[in-house]
file my_file.cif (mmCIF, C-alpha atoms and all ligand atoms)
data_run
loop_
_atom_site.label_atom_id
_atom_site.label_comp_id
_atom_site.auth_asym_id
_atom_site.auth_seq_id
_atom_site.Cartn_x
_atom_site.Cartn_y
_atom_site.Cartn_z
CA MET U 1 -9.92 49.63 123.98
CA THR U 2 -11.00 48.01 120.73
CA ARG U 3 -13.19 50.57 118.99
CA LEU U 4 -16.79 49.97 117.91
CA GLY U 5 -18.18 50.96 114.54
CA VAL U 6 -21.96 50.66 114.38
CA ASN U 7 -23.71 49.66 111.16
CA VAL U 8 -27.16 51.28 110.92
CA ASP U 9 -28.36 49.59 107.69
CA HIS U 10 -31.19 47.78 109.44
CA VAL U 11 -32.73 51.04 110.63
CA ALA U 12 -33.01 51.99 106.97
CA THR U 13 -34.41 48.53 106.21
CA LEU U 14 -37.27 49.24 108.59
CA ARG U 15 -37.85 52.67 107.05
CA GLN U 16 -37.89 51.26 103.52
CA ALA U 17 -40.49 48.66 104.57
CA ARG U 18 -43.04 51.49 104.45
CA GLY U 19 -41.19 53.87 102.16
CA GLY U 20 -41.60 56.81 104.53
CA HIS U 21 -39.33 58.75 106.86
CA GLU U 22 -39.28 56.63 110.03
CA PRO U 23 -37.19 55.31 111.60
CA GLU U 24 -34.43 57.67 110.56
CA PRO U 25 -30.99 56.02 110.23
CA VAL U 26 -29.28 59.37 110.71
CA ALA U 27 -30.95 59.73 114.14
CA ALA U 28 -29.85 56.18 115.00
CA ALA U 29 -26.28 56.99 113.97
CA LEU U 30 -26.24 60.12 116.15
CA LEU U 31 -27.51 58.14 119.14
CA ALA U 32 -24.86 55.46 118.52
CA GLN U 33 -22.23 58.17 118.36
CA SER U 34 -23.37 59.74 121.60
CA ALA U 35 -23.29 56.32 123.30
CA GLY U 36 -19.63 55.89 122.35
CA ALA U 37 -19.48 54.42 118.84
CA THR U 38 -16.22 55.54 117.25
CA GLY U 39 -17.44 55.08 113.71
CA ILE U 40 -20.62 54.62 111.69
CA THR U 41 -20.91 52.20 108.80
CA VAL U 42 -23.53 51.96 106.07
CA HIS U 43 -23.72 49.68 103.07
CA LEU U 44 -24.76 51.44 99.87
CA ARG U 45 -26.04 48.45 97.92
CA GLY U 46 -26.47 48.51 94.17
CA ASP U 47 -30.21 47.82 94.61
CA ARG U 48 -30.51 50.58 97.28
CA ARG U 49 -32.61 48.20 99.38
CA HIS U 50 -31.88 50.07 102.62
CA ILE U 51 -29.38 52.93 102.74
CA GLN U 52 -29.97 55.70 100.17
CA ASP U 53 -27.45 58.18 98.76
CA ARG U 54 -29.26 60.91 100.68
CA ASP U 55 -28.58 59.12 104.00
CA ILE U 56 -24.86 59.24 103.32
CA ARG U 57 -24.96 62.92 102.37
CA VAL U 58 -26.72 63.78 105.63
CA LEU U 59 -24.53 61.47 107.75
CA LYS U 60 -21.45 63.10 106.31
CA GLN U 61 -22.76 66.51 107.35
CA VAL U 62 -23.77 65.67 110.90
CA LEU U 63 -21.39 62.99 112.21
CA ALA U 64 -18.31 63.80 114.24
CA VAL U 65 -16.94 60.25 113.95
CA PRO U 66 -15.64 58.81 110.66
CA LEU U 67 -18.16 57.44 108.18
CA ASN U 68 -17.38 54.12 106.49
CA VAL U 69 -19.33 53.20 103.37
CA GLU U 70 -19.41 49.55 102.34
CA CYS U 71 -20.00 48.98 98.65
CA ALA U 72 -19.33 46.62 95.78
CA ALA U 73 -15.97 46.72 94.04
CA THR U 74 -17.46 48.18 90.88
CA GLN U 75 -17.17 51.35 88.82
CA GLU U 76 -20.90 52.00 89.39
CA ALA U 77 -20.41 52.01 93.18
CA PHE U 78 -17.26 54.12 92.82
CA ASP U 79 -19.17 56.75 90.84
CA ALA U 80 -21.88 56.86 93.53
CA VAL U 81 -19.57 56.90 96.56
CA VAL U 82 -16.79 59.30 95.57
CA PRO U 83 -19.01 62.44 95.46
CA LEU U 84 -20.26 61.54 98.97
CA LYS U 85 -16.69 61.67 100.31
CA PRO U 86 -16.81 59.28 103.26
CA ALA U 87 -13.63 58.91 105.33
CA TRP U 88 -13.47 55.21 104.49
CA VAL U 89 -14.80 52.84 101.90
CA THR U 90 -14.96 49.08 102.53
CA LEU U 91 -15.12 47.00 99.38
CA VAL U 92 -17.32 43.92 99.77
CA PRO U 93 -18.66 41.22 97.46
CA GLU U 94 -22.30 41.90 96.62
CA THR U 95 -25.06 39.92 94.94
CA ARG U 96 -28.71 40.84 94.63
CA GLU U 97 -29.86 37.45 95.91
CA GLU U 98 -28.06 37.62 99.26
CA LEU U 99 -29.74 38.73 102.47
CA THR U 100 -26.45 40.08 103.79
CA THR U 101 -22.80 40.02 102.78
CA THR U 102 -21.78 36.39 102.45
CA GLY U 103 -18.05 35.75 102.49
CA GLY U 104 -15.13 38.05 101.91
CA LEU U 105 -13.97 39.69 98.72
CA ASP U 106 -11.67 37.45 96.66
CA ALA U 107 -8.88 40.00 96.35
CA VAL U 108 -6.60 37.45 94.69
CA PHE U 109 -9.09 36.70 91.90
CA LEU U 110 -10.08 40.36 91.49
CA GLN U 111 -6.61 41.83 91.78
CA SER U 112 -6.45 43.55 88.39
CA SER U 113 -9.76 45.40 88.79
CA LEU U 114 -9.10 46.13 92.48
CA LYS U 115 -5.72 47.64 91.74
CA ASN U 116 -7.24 50.57 89.85
CA LEU U 117 -10.19 50.97 92.19
CA VAL U 118 -8.02 51.12 95.32
CA ARG U 119 -5.74 53.66 93.67
CA GLU U 120 -8.66 55.80 92.49
CA TYR U 121 -10.35 55.85 95.90
CA ARG U 122 -7.08 56.83 97.54
CA THR U 123 -6.53 59.55 94.95
CA ALA U 124 -10.00 60.84 95.92
CA ASP U 125 -8.73 61.00 99.53
CA ILE U 126 -10.92 58.11 100.68
CA ARG U 127 -9.16 55.38 102.67
CA VAL U 128 -9.81 51.84 101.51
CA SER U 129 -10.50 48.72 103.51
CA LEU U 130 -10.99 45.31 101.87
CA PHE U 131 -13.44 42.92 103.54
CA VAL U 132 -11.67 39.58 103.24
CA ASP U 133 -11.84 36.12 104.75
CA PRO U 134 -9.08 35.50 107.30
CA LEU U 135 -6.74 33.87 104.79
CA LEU U 136 -3.09 34.78 104.46
CA ASP U 137 -3.17 35.04 100.65
CA GLN U 138 -6.03 37.53 100.85
CA VAL U 139 -4.17 39.65 103.40
CA LYS U 140 -0.98 39.58 101.32
CA MET U 141 -2.95 40.69 98.27
CA ALA U 142 -4.61 43.54 100.22
CA ALA U 143 -1.13 44.78 101.15
CA LYS U 144 0.10 44.40 97.57
CA LEU U 145 -2.89 46.39 96.32
CA GLU U 146 -1.94 49.13 98.83
CA ALA U 147 -5.23 49.08 100.71
CA ASP U 148 -5.13 51.00 103.98
CA ALA U 149 -6.86 48.27 105.99
CA VAL U 150 -8.49 44.89 105.94
CA GLU U 151 -11.73 44.02 107.65
CA LEU U 152 -11.48 40.35 108.55
CA ASN U 153 -14.70 38.44 107.99
CA THR U 154 -15.77 36.89 111.30
CA GLY U 155 -18.76 35.17 109.64
CA ALA U 156 -17.40 31.60 109.86
CA TYR U 157 -16.57 32.15 113.55
CA SER U 158 -19.96 33.74 114.28
CA ASP U 159 -21.85 30.97 112.51
CA LEU U 160 -20.50 28.29 114.85
CA PRO U 161 -23.21 26.82 117.06
CA TYR U 162 -23.28 27.99 120.63
CA GLY U 163 -20.73 26.07 122.70
CA ALA U 164 -18.82 24.69 119.67
CA ASP U 165 -15.02 24.67 119.66
CA ALA U 166 -14.04 27.97 118.03
CA SER U 167 -10.29 27.45 118.22
CA VAL U 168 -9.75 26.78 114.49
CA GLU U 169 -11.68 29.88 113.36
CA LEU U 170 -10.06 32.01 116.05
CA ALA U 171 -6.59 30.81 115.05
CA LYS U 172 -7.28 31.85 111.43
CA LEU U 173 -8.41 35.31 112.56
CA LYS U 174 -5.41 35.74 114.87
CA GLU U 175 -2.92 34.68 112.21
CA ALA U 176 -4.51 36.90 109.56
CA ALA U 177 -4.58 39.84 112.00
CA ARG U 178 -0.89 39.38 112.87
CA LEU U 179 0.15 39.20 109.23
CA SER U 180 -1.96 42.27 108.36
CA THR U 181 -0.21 44.34 111.00
CA ARG U 182 3.19 43.05 109.93
CA LEU U 183 2.40 44.15 106.36
CA GLY U 184 1.39 47.63 107.52
CA LEU U 185 -2.39 47.21 107.19
CA ARG U 186 -4.83 48.40 109.81
CA VAL U 187 -7.07 45.59 110.99
CA LEU U 188 -10.81 45.64 111.58
CA ALA U 189 -13.20 42.73 111.91
CA GLY U 190 -16.90 42.07 111.70
CA HIS U 191 -19.92 40.07 110.64
CA GLY U 192 -22.30 38.23 112.90
CA LEU U 193 -20.77 39.51 116.13
CA ASP U 194 -23.03 39.76 119.16
CA LEU U 195 -22.84 40.09 122.93
CA ARG U 196 -22.14 36.38 123.32
CA ASN U 197 -19.33 35.91 120.80
CA VAL U 198 -17.61 39.31 120.68
CA GLY U 199 -15.17 38.73 123.57
CA PRO U 200 -12.55 36.48 121.94
CA ILE U 201 -12.50 38.71 118.85
CA ALA U 202 -12.09 41.87 120.92
CA ALA U 203 -9.17 40.15 122.68
CA ILE U 204 -7.13 39.85 119.46
CA PRO U 205 -4.65 42.67 120.00
CA GLU U 206 -4.12 43.65 116.34
CA ILE U 207 -7.84 44.26 115.72
CA GLU U 208 -8.45 47.97 116.18
CA GLU U 209 -12.15 48.17 115.49
CA LEU U 210 -15.20 45.92 115.21
CA ASN U 211 -18.07 46.65 112.82
CA ILE U 212 -21.35 45.43 114.27
CA GLY U 213 -24.85 45.98 112.91
CA HIS U 214 -27.51 43.31 113.19
CA SER U 215 -27.14 42.44 116.86
CA ILE U 216 -26.96 46.07 117.99
CA VAL U 217 -29.95 47.22 115.93
CA GLY U 218 -31.84 44.10 117.05
CA ARG U 219 -31.20 44.96 120.69
CA ALA U 220 -31.97 48.62 120.01
CA VAL U 221 -35.50 47.68 118.94
CA LEU U 222 -36.01 46.30 122.43
CA ILE U 223 -33.96 48.55 124.72
CA GLY U 224 -33.07 51.63 122.65
CA MET U 225 -30.05 52.54 120.57
CA GLU U 226 -27.89 54.16 123.23
CA PRO U 227 -28.24 51.29 125.76
CA ALA U 228 -27.63 48.74 122.98
CA VAL U 229 -24.39 50.46 121.96
CA ARG U 230 -23.31 50.90 125.58
CA GLU U 231 -23.82 47.24 126.40
CA MET U 232 -21.76 46.19 123.38
CA ILE U 233 -18.97 48.57 124.40
CA ALA U 234 -19.13 47.08 127.92
CA ALA U 235 -18.98 43.54 126.49
CA ILE U 236 -15.92 44.47 124.43
CA ALA U 237 -14.21 46.01 127.45
CA LEU U 238 -15.23 43.29 129.89
CA VAL U 239 -14.38 40.14 128.03
CA GLY U 240 -10.98 41.04 126.72
CA GLY U 241 -10.91 44.29 124.73
CA ARG U 242 -7.57 45.97 125.26
CA ALA U 243 -7.52 48.81 127.75
N1 LIG G 301 -18.81 44.14 108.04
C1 LIG G 301 -19.25 43.99 106.77
C2 LIG G 301 -18.27 44.12 105.65
C3 LIG G 301 -20.62 43.77 106.50
O1 LIG G 301 -21.03 43.64 105.24
C4 LIG G 301 -21.52 43.71 107.58
C5 LIG G 301 -22.98 43.52 107.31
O2 LIG G 301 -23.48 44.60 106.60
C6 LIG G 301 -21.01 43.87 108.88
C7 LIG G 301 -19.65 44.05 109.08
C8 LIG G 301 -21.90 43.83 110.07
O3 LIG G 301 -22.39 42.55 110.21
P1 LIG G 301 -23.58 42.29 111.22
O4 LIG G 301 -24.74 43.07 110.72
O5 LIG G 301 -23.77 40.81 111.13
O6 LIG G 301 -23.11 42.75 112.57
#
call {"tool": "encode", "arguments": {"input": "my_file.cif", "output": "structure tokens", "more": "lines below"}}
Ligand code: PXP
result
Amino acid sequence: MTRLGVNVDHVATLRQARGGHEPEPVAAALLAQSAGATGITVHLRGDRRHIQDRDIRVLKQVLAVPLNVECAATQEAFDAVVPLKPAWVTLVPETREELTTTGGLDAVFLQSSLKNLVREYRTADIRVSLFVDPLLDQVKMAAKLEADAVELNTGAYSDLPYGADASVELAKLKEAARLSTRLGLRVLAGHGLDLRNVGPIAAIPEIEELNIGHSIVGRAVLIGMEPAVREMIAAIALVGGRA
């Protein structure tokens, strides 16, 4: 079945709102893991608005599933992330003004700086995924840069109004996923996925894992973390996730 990585940033957002200890993102990650998440993702932003370096250190110690750290494609982020030794790093575009990641990394434009960064992360034994829009040139560049994986940005698909024709966005994702696999990249996808729209994405056979944060943490506030993760896993399995 398509695997589920759970992003727990928003648990840290709530904690930072009061600057104390609760709720604890590490506890949320452990509950997600026990409910069947096959990975945990956190975004270490330059402004440290939610996840802190300490969270990653503790997550690394306690998790059994791989930890994926999203961060900017900068030397500053590299210097912060490498000592924390996550299994994966996902390079994303980052601006201080944005509420969340908006759009994929332009790997074509950034190729010369990415080339060194990808190599240096891999030398540090950290696998590298590039968060890119589902465009063939971006996928080709990710392969050329010798990334281990791409995470295809499902934002444009997720932003479609309920009931709209999603065939154009789905076709882009399918084509990008097929090319990624053909070029030897592992394929993940995420952004804006929820119980309603996850099915057609989970049905794309090349996509191994989905990274979902906002909708799961939003549901967790109402029904608890473990049920929220379980219902997403059920939605992935039910609507088309591979067996
Ligand atoms: N993938 C990437 C690269 C992201 O930046 C985010 C948001 O932090 C997600 C997936 C998860 O998106 P959402 O919170 O909308 O599920």
call {"tool": "closest_residue", "arguments": {"input": "my_file.cif", "among": "U:Asp125, U:Glu151, U:Asp159, U:Glu209", "to": "ligand LIG 301 (chain G)", "atoms": "all atoms listed in the file"}}
result
U:Glu151
call {"tool": "closest_atom_pairs", "arguments": {"input": "my_file.cif", "of": "range 131-198 of chain U", "to": "range 214-229 of chain U", "cutoff": "12 Å", "atoms": "only C-alpha atoms", "output": "JSON lines"}}
result
{"residue": "U:Ser158", "atom": "CA", "partner": "U:Ser215", "partner_atom": "CA", "distance": 11.6}
{"residue": "U:Gly190", "atom": "CA", "partner": "U:His214", "partner_atom": "CA", "distance": 10.8}
{"residue": "U:His191", "atom": "CA", "partner": "U:His214", "partner_atom": "CA", "distance": 8.6}
{"residue": "U:Gly192", "atom": "CA", "partner": "U:His214", "partner_atom": "CA", "distance": 7.3}
{"residue": "U:Leu193", "atom": "CA", "partner": "U:Ser215", "partner_atom": "CA", "distance": 7.0}
{"residue": "U:Asp194", "atom": "CA", "partner": "U:Ser215", "partner_atom": "CA", "distance": 5.4}
{"residue": "U:Leu195", "atom": "CA", "partner": "U:Ser215", "partner_atom": "CA", "distance": 7.8}
{"residue": "U:Arg196", "atom": "CA", "partner": "U:Ser215", "partner_atom": "CA", "distance": 10.2}
{"residue": "U:Asn197", "atom": "CA", "partner": "U:Ser215", "partner_atom": "CA", "distance": 10.9}
{"residue": "U:Val198", "atom": "CA", "partner": "U:Ser215", "partner_atom": "CA", "distance": 10.7}
call {"tool": "closest_residue", "arguments": {"input": "my_file.cif", "among": "U:Pro134, U:Gly104, U:Pro66, U:Pro161", "to": "ligand LIG 301 (chain G)", "atoms": "all atoms listed in the file"}}
result
U:Gly104
call {"tool": "residues_near_ligand", "arguments": {"input": "my_file.cif", "ligand": "ligand LIG 301 (chain G)", "cutoff": "10 Å", "atoms": "all atoms listed in the file", "output": "ChimeraX atom specification"}}
result
/U:5-10,41-45,69-71,90-94,99-105,129-132,150-155,158,188-194,210-218
call {"tool": "atom_distance", "arguments": {"input": "my_file.cif", "atom1": "CA of Gly36 in chain U", "atom2": "CA of Leu170 in chain U"}}
result
26.5 Å
call {"tool": "residues_near_point", "arguments": {"input": "my_file.cif", "point": "(-28.5, 57.3, 108.9)", "cutoff": "7 Å", "atoms": "all atoms listed in the file", "output": "PyMOL selection string"}}
result
chain U and resi 8+24-29+55-56+59
call {"tool": "atom_distance", "arguments": {"input": "my_file.cif", "atom1": "CA of Thr13 in chain U", "atom2": "CA of Val58 in chain U"}}
result
17.1 Å
call {"tool": "atom_distance", "arguments": {"input": "my_file.cif", "atom1": "CA of Val81 in chain U", "atom2": "CA of Asp53 in chain U"}}
result
8.3 Å
call {"tool": "closest_residue", "arguments": {"input": "my_file.cif", "among": "U:Leu185, U:Leu173, U:Ala124, U:Ala17", "to": "Lys140 in chain U", "atoms": "all atoms listed in the file"}}
result
U:Leu185
call {"tool": "residues_around", "arguments": {"input": "my_file.cif", "residues": "Thr123 in chain U", "least_positions_apart": "5", "cutoff": "12 Å", "atoms": "all atoms listed in the file", "output": "PDB file with C-alpha atoms, keeping the file's coordinate frame"}}
result
ATOM      1  CA  VAL U  82     -16.790  59.300  95.570  1.00  0.00           C
ATOM      2  CA  LYS U  85     -16.690  61.670 100.310  1.00  0.00           C
ATOM      3  CA  ASN U 116      -7.240  50.570  89.850  1.00  0.00           C
ATOM      4  CA  LEU U 117     -10.190  50.970  92.190  1.00  0.00           C
ATOM      5  CA  VAL U 118      -8.020  51.120  95.320  1.00  0.00           C
ATOM      6  CA  VAL U 128      -9.810  51.840 101.510  1.00  0.00           C
TER       7      VAL U 128
END
call {"tool": "closest_residue", "arguments": {"input": "my_file.cif", "among": "U:Met232, U:Ile126, U:Leu238, U:Leu110", "to": "Leu4 in chain U", "atoms": "all atoms listed in the file"}}
result
U:Met232
call {"tool": "axis_aligned_box", "arguments": {"input": "my_file.cif", "around": "range 47-64 of chain U", "padding_each_side": "8 Å", "output": "AutoDock Vina command-line options"}}
result
--center_x -25.5 --center_y 57.2 --center_z 104.4 --size_x 30.3 --size_y 34.7 --size_z 35.6
call {"tool": "residues_near_point", "arguments": {"input": "my_file.cif", "point": "(-4.1, 52.8, 105.0)", "cutoff": "8 Å", "atoms": "only C-alpha atoms", "output": "list in words"}}
result
Arg127, Val128, Ser129, Glu146, Ala147, Asp148, Ala149, Gly184, Leu185 and Arg186 of chain U
call {"tool": "closest_residue", "arguments": {"input": "my_file.cif", "among": "U:Glu206, U:Ile51, U:Arg230, U:Gln16", "to": "Leu31 in chain U", "atoms": "only C-alpha atoms"}}
result
U:Arg230
call {"tool": "closest_residue", "arguments": {"input": "my_file.cif", "among": "U:Leu114, U:Ile236, U:Val139, U:Val11", "to": "Phe78 in chain U", "atoms": "only C-alpha atoms"}}
result
U:Leu114
